[in-house]
Structures are given as C-alpha cells and as structure tokens.
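Undergrad: Sharing start-v5.tsv below, TSV, N, CA and C atoms:
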```tsv
chain	number	residue	atom	x	y	z
A	1	MET	N	-18.03	-22.97	-44.03
A	1	MET	CA	-17.06	-22.83	-42.97
A	1	MET	C	-16.20	-24.07	-42.90
A	2	LYS	N	-14.95	-23.77	-42.62
A	2	LYS	CA	-14.00	-24.86	-42.52
A	2	LYS	C	-13.72	-25.12	-41.05
A	3	SER	N	-13.99	-26.33	-40.62
A	3	SER	CA	-13.75	-26.65	-39.21
A	3	SER	C	-12.32	-27.19	-39.07
A	4	SER	N	-11.74	-26.94	-37.91
A	4	SER	CA	-10.38	-27.41	-37.67
A	4	SER	C	-10.40	-28.88	-37.34
A	5	SER	N	-9.29	-29.52	-37.62
A	5	SER	CA	-9.20	-30.96	-37.37
A	5	SER	C	-9.05	-31.22	-35.88
A	6	PRO	N	-9.38	-32.42	-35.46
A	6	PRO	CA	-9.23	-32.77	-34.03
A	6	PRO	C	-7.79	-32.66	-33.54
A	7	LYS	N	-6.82	-32.96	-34.41
A	7	LYS	CA	-5.41	-32.86	-34.00
A	7	LYS	C	-5.04	-31.40	-33.73
A	8	THR	N	-5.53	-30.50	-34.55
A	8	THR	CA	-5.25	-29.08	-34.36
A	8	THR	C	-5.88	-28.59	-33.06
A	9	ARG	N	-7.10	-29.01	-32.79
A	9	ARG	CA	-7.76	-28.63	-31.54
A	9	ARG	C	-7.01	-29.17	-30.33
A	10	LEU	N	-6.54	-30.41	-30.44
A	10	LEU	CA	-5.81	-31.03	-29.34
A	10	LEU	C	-4.50	-30.29	-29.08
A	11	LYS	N	-3.79	-29.91	-30.15
A	11	LYS	CA	-2.55	-29.16	-29.98
A	11	LYS	C	-2.82	-27.80	-29.34
A	12	LEU	N	-3.88	-27.14	-29.77
A	12	LEU	CA	-4.24	-25.86	-29.20
A	12	LEU	C	-4.61	-25.99	-27.73
A	13	PHE	N	-5.39	-27.04	-27.41
A	13	PHE	CA	-5.77	-27.29	-26.02
A	13	PHE	C	-4.54	-27.55	-25.15
A	14	ARG	N	-3.59	-28.34	-25.66
A	14	ARG	CA	-2.37	-28.63	-24.91
A	14	ARG	C	-1.54	-27.38	-24.70
A	15	ARG	N	-1.44	-26.52	-25.72
A	15	ARG	CA	-0.68	-25.29	-25.61
A	15	ARG	C	-1.30	-24.37	-24.56
A	16	ILE	N	-2.62	-24.25	-24.58
A	16	ILE	CA	-3.31	-23.43	-23.58
A	16	ILE	C	-3.12	-24.01	-22.19
A	17	ARG	N	-3.19	-25.32	-22.08
A	17	ARG	CA	-3.00	-25.98	-20.79
A	17	ARG	C	-1.60	-25.74	-20.24
A	18	HIS	N	-0.58	-25.78	-21.11
A	18	HIS	CA	0.79	-25.51	-20.67
A	18	HIS	C	0.93	-24.06	-20.21
A	19	ILE	N	0.30	-23.14	-20.89
A	19	ILE	CA	0.36	-21.73	-20.49
A	19	ILE	C	-0.29	-21.55	-19.12
A	20	ILE	N	-1.43	-22.19	-18.90
A	20	ILE	CA	-2.11	-22.11	-17.60
A	20	ILE	C	-1.25	-22.71	-16.50
A	21	ASP	N	-0.63	-23.88	-16.76
A	21	ASP	CA	0.23	-24.51	-15.77
A	21	ASP	C	1.45	-23.63	-15.44
A	22	ASP	N	2.06	-23.04	-16.46
A	22	ASP	CA	3.20	-22.16	-16.23
A	22	ASP	C	2.80	-20.93	-15.43
A	23	THR	N	1.63	-20.39	-15.71
A	23	THR	CA	1.14	-19.23	-14.98
A	23	THR	C	0.91	-19.58	-13.51
A	24	LYS	N	0.38	-20.76	-13.26
A	24	LYS	CA	0.17	-21.19	-11.87
A	24	LYS	C	1.49	-21.30	-11.12
A	25	ILE	N	2.52	-21.81	-11.78
A	25	ILE	CA	3.83	-21.95	-11.14
A	25	ILE	C	4.41	-20.57	-10.83
A	26	ILE	N	4.32	-19.66	-11.78
A	26	ILE	CA	4.86	-18.31	-11.58
A	26	ILE	C	4.11	-17.59	-10.47
A	27	LEU	N	2.78	-17.68	-10.46
A	27	LEU	CA	2.00	-17.02	-9.41
A	27	LEU	C	2.27	-17.63	-8.04
A	28	GLY	N	2.48	-18.94	-7.98
A	28	GLY	CA	2.83	-19.58	-6.72
A	28	GLY	C	4.18	-19.10	-6.20
A	29	PHE	N	5.13	-18.93	-7.11
A	29	PHE	CA	6.45	-18.42	-6.72
A	29	PHE	C	6.35	-16.98	-6.23
A	30	ILE	N	5.58	-16.16	-6.91
A	30	ILE	CA	5.39	-14.77	-6.48
A	30	ILE	C	4.71	-14.73	-5.12
A	31	TYR	N	3.71	-15.58	-4.91
A	31	TYR	CA	3.02	-15.65	-3.62
A	31	TYR	C	4.01	-16.03	-2.51
A	32	LEU	N	4.87	-16.98	-2.76
A	32	LEU	CA	5.86	-17.39	-1.78
A	32	LEU	C	6.82	-16.25	-1.45
A	33	LEU	N	7.27	-15.52	-2.46
A	33	LEU	CA	8.15	-14.38	-2.23
A	33	LEU	C	7.48	-13.30	-1.39
A	34	VAL	N	6.21	-13.03	-1.66
A	34	VAL	CA	5.48	-12.01	-0.90
A	34	VAL	C	5.35	-12.44	0.55
A	35	ILE	N	5.03	-13.70	0.79
A	35	ILE	CA	4.91	-14.20	2.17
A	35	ILE	C	6.26	-14.11	2.90
A	36	LEU	N	7.35	-14.49	2.24
A	36	LEU	CA	8.67	-14.41	2.87
A	36	LEU	C	9.07	-12.96	3.13
A	37	PHE	N	8.76	-12.07	2.21
A	37	PHE	CA	9.05	-10.64	2.37
A	37	PHE	C	8.27	-10.08	3.56
A	38	PHE	N	7.00	-10.42	3.67
A	38	PHE	CA	6.17	-9.97	4.79
A	38	PHE	C	6.71	-10.51	6.11
A	39	PHE	N	7.10	-11.78	6.13
A	39	PHE	CA	7.63	-12.40	7.34
A	39	PHE	C	8.94	-11.74	7.77
A	40	LEU	N	9.79	-11.39	6.80
A	40	LEU	CA	11.04	-10.71	7.10
A	40	LEU	C	10.77	-9.35	7.73
A	41	PHE	N	9.82	-8.60	7.16
A	41	PHE	CA	9.50	-7.30	7.74
A	41	PHE	C	8.86	-7.44	9.12
A	42	LEU	N	8.08	-8.47	9.34
A	42	LEU	CA	7.51	-8.72	10.65
A	42	LEU	C	8.61	-8.97	11.68
A	43	LEU	N	9.59	-9.79	11.33
A	43	LEU	CA	10.71	-10.05	12.23
A	43	LEU	C	11.52	-8.79	12.51
A	44	LEU	N	11.75	-7.99	11.47
A	44	LEU	CA	12.51	-6.75	11.67
A	44	LEU	C	11.75	-5.76	12.54
A	45	GLU	N	10.43	-5.72	12.39
A	45	GLU	CA	9.63	-4.83	13.23
A	45	GLU	C	9.68	-5.28	14.70
A	46	PHE	N	9.59	-6.58	14.95
A	46	PHE	CA	9.73	-7.09	16.32
A	46	PHE	C	11.11	-6.76	16.87
A	47	LYS	N	12.13	-6.92	16.03
A	47	LYS	CA	13.50	-6.62	16.45
A	47	LYS	C	13.63	-5.16	16.84
A	48	ARG	N	13.05	-4.27	16.07
A	48	ARG	CA	13.14	-2.84	16.37
A	48	ARG	C	12.27	-2.48	17.58
A	49	TYR	N	11.07	-3.02	17.67
A	49	TYR	CA	10.14	-2.67	18.75
A	49	TYR	C	10.67	-3.10	20.11
A	50	TYR	N	11.22	-4.32	20.16
A	50	TYR	CA	11.71	-4.85	21.44
A	50	TYR	C	13.20	-4.61	21.65
A	51	SER	N	13.84	-3.88	20.75
A	51	SER	CA	15.28	-3.55	20.84
A	51	SER	C	16.14	-4.80	21.02
A	52	ILE	N	15.93	-5.75	20.17
A	52	ILE	CA	16.71	-6.98	20.20
A	52	ILE	C	17.92	-6.77	19.29
A	53	ASP	N	19.12	-6.81	19.87
A	53	ASP	CA	20.34	-6.63	19.11
A	53	ASP	C	21.31	-7.76	19.43
A	54	LEU	N	21.98	-8.27	18.42
A	54	LEU	CA	23.03	-9.25	18.66
A	54	LEU	C	24.25	-8.55	19.24
A	55	ILE	N	24.55	-7.38	18.70
A	55	ILE	CA	25.63	-6.54	19.22
A	55	ILE	C	24.98	-5.25	19.70
A	56	PRO	N	24.90	-5.03	21.02
A	56	PRO	CA	24.21	-3.84	21.53
A	56	PRO	C	24.82	-2.54	21.01
A	57	GLY	N	23.94	-1.65	20.57
A	57	GLY	CA	24.37	-0.35	20.08
A	57	GLY	C	24.83	-0.34	18.63
A	58	TYR	N	24.79	-1.46	17.96
A	58	TYR	CA	25.24	-1.54	16.57
A	58	TYR	C	24.04	-1.75	15.66
A	59	ASP	N	23.86	-0.84	14.71
A	59	ASP	CA	22.80	-1.00	13.71
A	59	ASP	C	23.41	-1.67	12.48
A	60	SER	N	22.91	-2.83	12.19
A	60	SER	CA	23.42	-3.56	11.02
A	60	SER	C	22.90	-2.90	9.75
A	61	PRO	N	23.50	-3.22	8.61
A	61	PRO	CA	23.00	-2.69	7.34
A	61	PRO	C	21.54	-3.07	7.07
A	62	ILE	N	21.11	-4.21	7.58
A	62	ILE	CA	19.72	-4.62	7.40
A	62	ILE	C	18.80	-3.68	8.18
A	63	ASP	N	19.22	-3.30	9.39
A	63	ASP	CA	18.43	-2.34	10.18
A	63	ASP	C	18.35	-0.99	9.47
A	64	ASP	N	19.48	-0.57	8.90
A	64	ASP	CA	19.49	0.70	8.17
A	64	ASP	C	18.58	0.64	6.94
A	65	LEU	N	18.64	-0.45	6.22
A	65	LEU	CA	17.78	-0.62	5.05
A	65	LEU	C	16.31	-0.64	5.44
A	66	TYR	N	16.00	-1.34	6.53
A	66	TYR	CA	14.62	-1.39	7.00
A	66	TYR	C	14.12	-0.01	7.40
A	67	GLY	N	14.94	0.75	8.13
A	67	GLY	CA	14.55	2.11	8.51
A	67	GLY	C	14.36	3.01	7.30
A	68	ALA	N	15.22	2.86	6.31
A	68	ALA	CA	15.09	3.67	5.09
A	68	ALA	C	13.82	3.32	4.34
A	69	MET	N	13.49	2.03	4.26
A	69	MET	CA	12.28	1.61	3.55
A	69	MET	C	11.03	2.10	4.28
A	70	LYS	N	11.05	2.07	5.61
A	70	LYS	CA	9.91	2.61	6.36
A	70	LYS	C	9.75	4.10	6.10
A	71	GLY	N	10.87	4.82	6.03
A	71	GLY	CA	10.83	6.25	5.75
A	71	GLY	C	10.28	6.54	4.36
A	72	ILE	N	10.69	5.74	3.38
A	72	ILE	CA	10.21	5.92	2.01
A	72	ILE	C	8.71	5.67	1.93
A	73	ILE	N	8.26	4.59	2.58
A	73	ILE	CA	6.83	4.27	2.57
A	73	ILE	C	6.04	5.38	3.27
A	74	SER	N	6.57	5.89	4.38
A	74	SER	CA	5.89	6.97	5.10
A	74	SER	C	5.79	8.23	4.25
A	75	GLU	N	6.86	8.58	3.55
A	75	GLU	CA	6.84	9.75	2.67
A	75	GLU	C	5.86	9.56	1.52
A	76	LEU	N	5.81	8.36	0.97
A	76	LEU	CA	4.88	8.06	-0.12
A	76	LEU	C	3.44	8.21	0.34
A	77	LEU	N	3.14	7.68	1.53
A	77	LEU	CA	1.78	7.79	2.07
A	77	LEU	C	1.43	9.24	2.38
A	78	LYS	N	2.43	10.01	2.84
A	78	LYS	CA	2.19	11.43	3.13
A	78	LYS	C	1.85	12.18	1.84
A	79	LYS	N	2.55	11.85	0.75
A	79	LYS	CA	2.25	12.50	-0.53
A	79	LYS	C	0.89	12.08	-1.07
A	80	LEU	N	0.54	10.81	-0.86
A	80	LEU	CA	-0.74	10.33	-1.37
A	80	LEU	C	-1.92	10.89	-0.61
A	81	PHE	N	-1.82	10.94	0.72
A	81	PHE	CA	-2.95	11.33	1.54
A	81	PHE	C	-2.85	12.75	2.09
A	82	GLY	N	-1.69	13.41	1.94
A	82	GLY	CA	-1.54	14.80	2.33
A	82	GLY	C	-1.48	15.03	3.82
A	83	GLU	N	-1.15	14.03	4.59
A	83	GLU	CA	-1.03	14.22	6.04
A	83	GLU	C	0.06	13.32	6.56
A	84	GLU	N	0.48	13.58	7.77
A	84	GLU	CA	1.53	12.78	8.38
A	84	GLU	C	1.00	11.39	8.73
A	85	VAL	N	1.70	10.38	8.26
A	85	VAL	CA	1.32	8.99	8.53
A	85	VAL	C	2.51	8.32	9.19
A	86	ARG	N	2.30	7.77	10.35
A	86	ARG	CA	3.36	7.05	11.04
A	86	ARG	C	3.11	5.56	10.89
A	87	ILE	N	4.15	4.88	10.43
A	87	ILE	CA	4.04	3.42	10.32
A	87	ILE	C	5.07	2.76	11.18
```
When written as structure tokens, how does the structure in this file appear?
TA:
Amino acid sequence: MKSSSPKTRLKLFRRIRHIIDDTKIILGFIYLLVILFFFLFLLLEFKRYYSIDLIPGYDSPIDDLYGAMKGIISELLKKLFGEEVRI
C-alpha cells in the first residue's frame, strides 16, 4: 500500500476545513433569513389582528401579498389534511 504524503494530507484537510467553514457561513445566512422572514410575518399578523393602518381603509400591496400567502398556505394544508384549516 502506498501512503499519501503529509503535504497531500494537509492540503486535503485544509480543503475540507474550507468547505466546512463555507457551509457554516451559508447556513448562518439562511438561518438569519428565516428569522427575519418569521419576524416580518409576525409583524404583519399583529398589523392585521389589531387593524393597524397608516392610511385607514387602504390595503397596501404588502397586505395583499400577506393575505394571498395565507390563503395559499391554507389551501395547501387543506389538500394535505383533507379538512378546513384556518390560520
């Protein structure tokens, strides 16, 4: 059997270490995006529940998008579980 040289092992170790470090950065970024997305939906739900409007009677495009996304999620859950689900 031919064993690899220490330099080759060191290069391989460094390459694996860089891949692990890059993966940690990407997962951290994804985690941050998920937290911000959740926080945005939390704020929009409070806005809708307590009827907080900057301009009374005006639904902004963000409100429309939020309502549409809730409807899509509700329809998806209804198809998955076969019953009416209110979110």
Undergrad: What gap, in Å, lies between CA of Ala68 in chain A and CA of Phe38 in chain A?
TA: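 For CA of Ala68 in chain A relative to CA of Phe38 in chain A, the distance reads 16.3 Å.
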Undergrad: Could you tell me which of A:Thr23, A:Ser5, A:Lys78, A:Leu44 comes closest to Asp63 in chain A if we count all atoms listed in the file?
TA: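 Of A:Thr23, A:Ser5, A:Lys78, A:Leu44, the one nearest Asp63 in chain A is A:Leu44, counting all atoms listed in the file.
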Undergrad: By how many Å are atom C of Tyr66 in chain A and atom N of Phe41 in chain A apart?
TA: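 Distance between the two atoms: 9.6 Å.
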Undergrad: Report, in Å with one decimal, the straight-line distance from atom N of Ser51 in chain A to CA of Leu32 in chain A.
TA: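 We find that atom N of Ser51 in chain A and CA of Leu32 in chain A lie 27.5 Å from each other.
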Undergrad: Please define a box with edges along x, y and z of the file around all atoms of range 54-62 of chain A given in the file, extend it by 8 Å on each side, and return its centre and edge lengths in Å to one decimal, as lines of an AutoDock Vina configuration file.
TA:
```
center_x = 22.2
center_y = -4.8
center_z = 14.3
size_x = 22.8
size_y = 24.9
size_z = 30.5
```
